[in-house]
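Participant: Quick one: this structure, given as structure tokens, is what I'll be asking you about.
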Amino acid sequence: MTEEAMLKGCIKNNTVAQQELYYMYSPRMLSVCYRYAKNREDAEDMLQEGFIKVFTQIKQFQNRGALEGWIRKIMVHTCINNLKKNKKFAESVDLIHAAGIYVREESIPSIVQAKQVVECIRLLPIGYRTVLNLYAIEGYSHKEIANMLDIEESTSRSQYTRAKSMLEDILLKKNILPEHLRKVELFAVNP
């Protein structure tokens with residue numbers, strides 16, 4: 001089934017089209033949810049909640065940009081809303097398997113695999129991890145992050161700076177980032 005046919009079917013609440021869309025995008029969207037969730041079960045719950053929103057809001061998709069990007073945005077907002085609703089920003093983080101991260105930087109040394117970086121990001125406190133994910137990976141500005149998380153823009157900036165520093169320390173301790181590469185920008189970010 002083509003993406004266009006899936007879209008038309010989903011707009012008509014066709015369960016076959018909805019199932020096809022889910023199977024096509026759920027693995028990548030689960031990877032997005034893993035970066036925000038405390039554990040696999042929370043990530044799966046966020047994924048399900050996100051796809052319910054996708055199917056209820058599919059009529060609003062205007063074919064401007066990629067469908068995957070539109071779905072991803074819904075998933076990120078679902079994860080953020082879930083964290084805010086459950087006040088999980090203060091909780092500690094468990095390390096779980098996560099894959100499918102897209103790191104926007106060409107200068108990352110080849111020894112740093114995306115999976116290793118994700119695992120190290122998951123060690124960050126939830127507030128740091130959330131801001132790092134939103135800014136460095138999703139590409140939101142600090143102003144947008146501040147609005148999403150109901151924090152000051154300066155708080156977003158400082159949490160991002162602290163997250164990068166803490167992530168560098170973790171990468172060094174795990175021998176993923178050699179000492180001579182310390183202070184190498186891991187992510188291409190907007191100023």
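Identifiers in this document derive from the order of the structure tokens: chains are assigned A, B, ..., residues are numbered from 1 separately in each chain, and ligands are numbered from 1 in order of occurrence.
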Compile the contact shell of A:Val131 as a compact mmCIF listing (two decimals) with C-alpha atoms, in the first residue's frame: residues with an atom at most 8 Å away, counting only C-alpha atoms, same-chain residues fewer than 3 positions apart removed.

Facilitator:
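Output contents, as saved in part.txt:
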# COMPACT_ATOMS: atom_id res chain seq x y z
CA GLY A 127 15.47 17.12 32.66
CA TYR A 128 18.91 17.25 31.06
CA LEU A 134 14.74 18.34 22.02
CA TYR A 135 17.56 20.74 21.16
CA ILE A 145 11.72 24.07 24.42
CA SER A 156 16.74 25.36 28.75
CA GLN A 159 20.26 22.44 31.19
CA TYR A 160 21.57 21.85 27.68

Participant: Smallest atom-to-atom distance to A:Leu67: which of A:Leu123, A:Leu21, A:Cys79, A:Met148, using only C-alpha atoms?

Facilitator: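 Closest residue, counting only C-alpha atoms: A:Leu21.
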
Participant: Neighbouring residues of A:Phe55 were defined as those with any atom within 10 Å, considering only C-alpha atoms; residues of the same chain fewer than 6 positions away were excluded. Please report them as a list of chain:residue names.

Facilitator: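 Residues meeting the cut-off are A:Leu7, A:Cys10, A:Ile11, A:Asn13, A:Gln18, A:Leu21, A:Tyr22, A:Ile71.
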
Participant: Could you please take those selected residues and save N, CA and C atoms as a short mmCIF file (atom, residue, chain, number, x, y, z; two decimals), in the first residue's frame?

Facilitator:
data_model
loop_
_atom_site.label_atom_id
_atom_site.label_comp_id
_atom_site.auth_asym_id
_atom_site.auth_seq_id
_atom_site.Cartn_x
_atom_site.Cartn_y
_atom_site.Cartn_z
N LEU A 7 -2.75 7.14 3.75
CA LEU A 7 -3.29 8.41 4.24
C LEU A 7 -4.78 8.51 3.99
N CYS A 10 -6.61 6.09 6.22
CA CYS A 10 -6.62 6.53 7.63
C CYS A 10 -7.63 7.65 7.84
N ILE A 11 -7.73 8.54 6.88
CA ILE A 11 -8.71 9.64 6.97
C ILE A 11 -10.13 9.06 7.03
N ASN A 13 -10.84 6.27 8.42
CA ASN A 13 -10.83 5.34 9.57
C ASN A 13 -10.78 3.87 9.14
N GLN A 18 -4.78 1.99 8.74
CA GLN A 18 -4.19 2.39 10.02
C GLN A 18 -3.14 1.39 10.48
N LEU A 21 0.02 1.85 8.35
CA LEU A 21 0.74 3.05 8.78
C LEU A 21 1.49 2.78 10.09
N TYR A 22 0.82 2.11 11.00
CA TYR A 22 1.43 1.77 12.28
C TYR A 22 2.66 0.88 12.08
N ILE A 71 4.38 12.76 12.03
CA ILE A 71 4.15 11.75 13.06
C ILE A 71 5.17 11.90 14.19
#

Participant: Return the single residue from A:Gln19, A:Gln62, A:Thr56, A:Asn147 that is closest to A:Asn81, with distances computed using only C-alpha atoms.

Facilitator: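 Result for the nearest residue to A:Asn81: A:Asn147.
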
Participant: Would you kindly return, as number ranges by chain, each protein, DNA or RNA residue with an atom no farther than 12 Å from any atom of stretch 83-86 of chain A, considering only C-alpha atoms and excluding same-chain residues fewer than 4 positions away?

Facilitator: A: 33, 35-38, 42-43, 45-46, 76-79, 90-91, 126-127, 129-130, 148-151

Participant: With distances taken over only C-alpha atoms, which of A:Ser141, A:Ala136, A:Val118, A:Glu153 is nearest to A:Leu171?

Facilitator: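 Checking each candidate against A:Leu171, we get A:Val118 as the closest.
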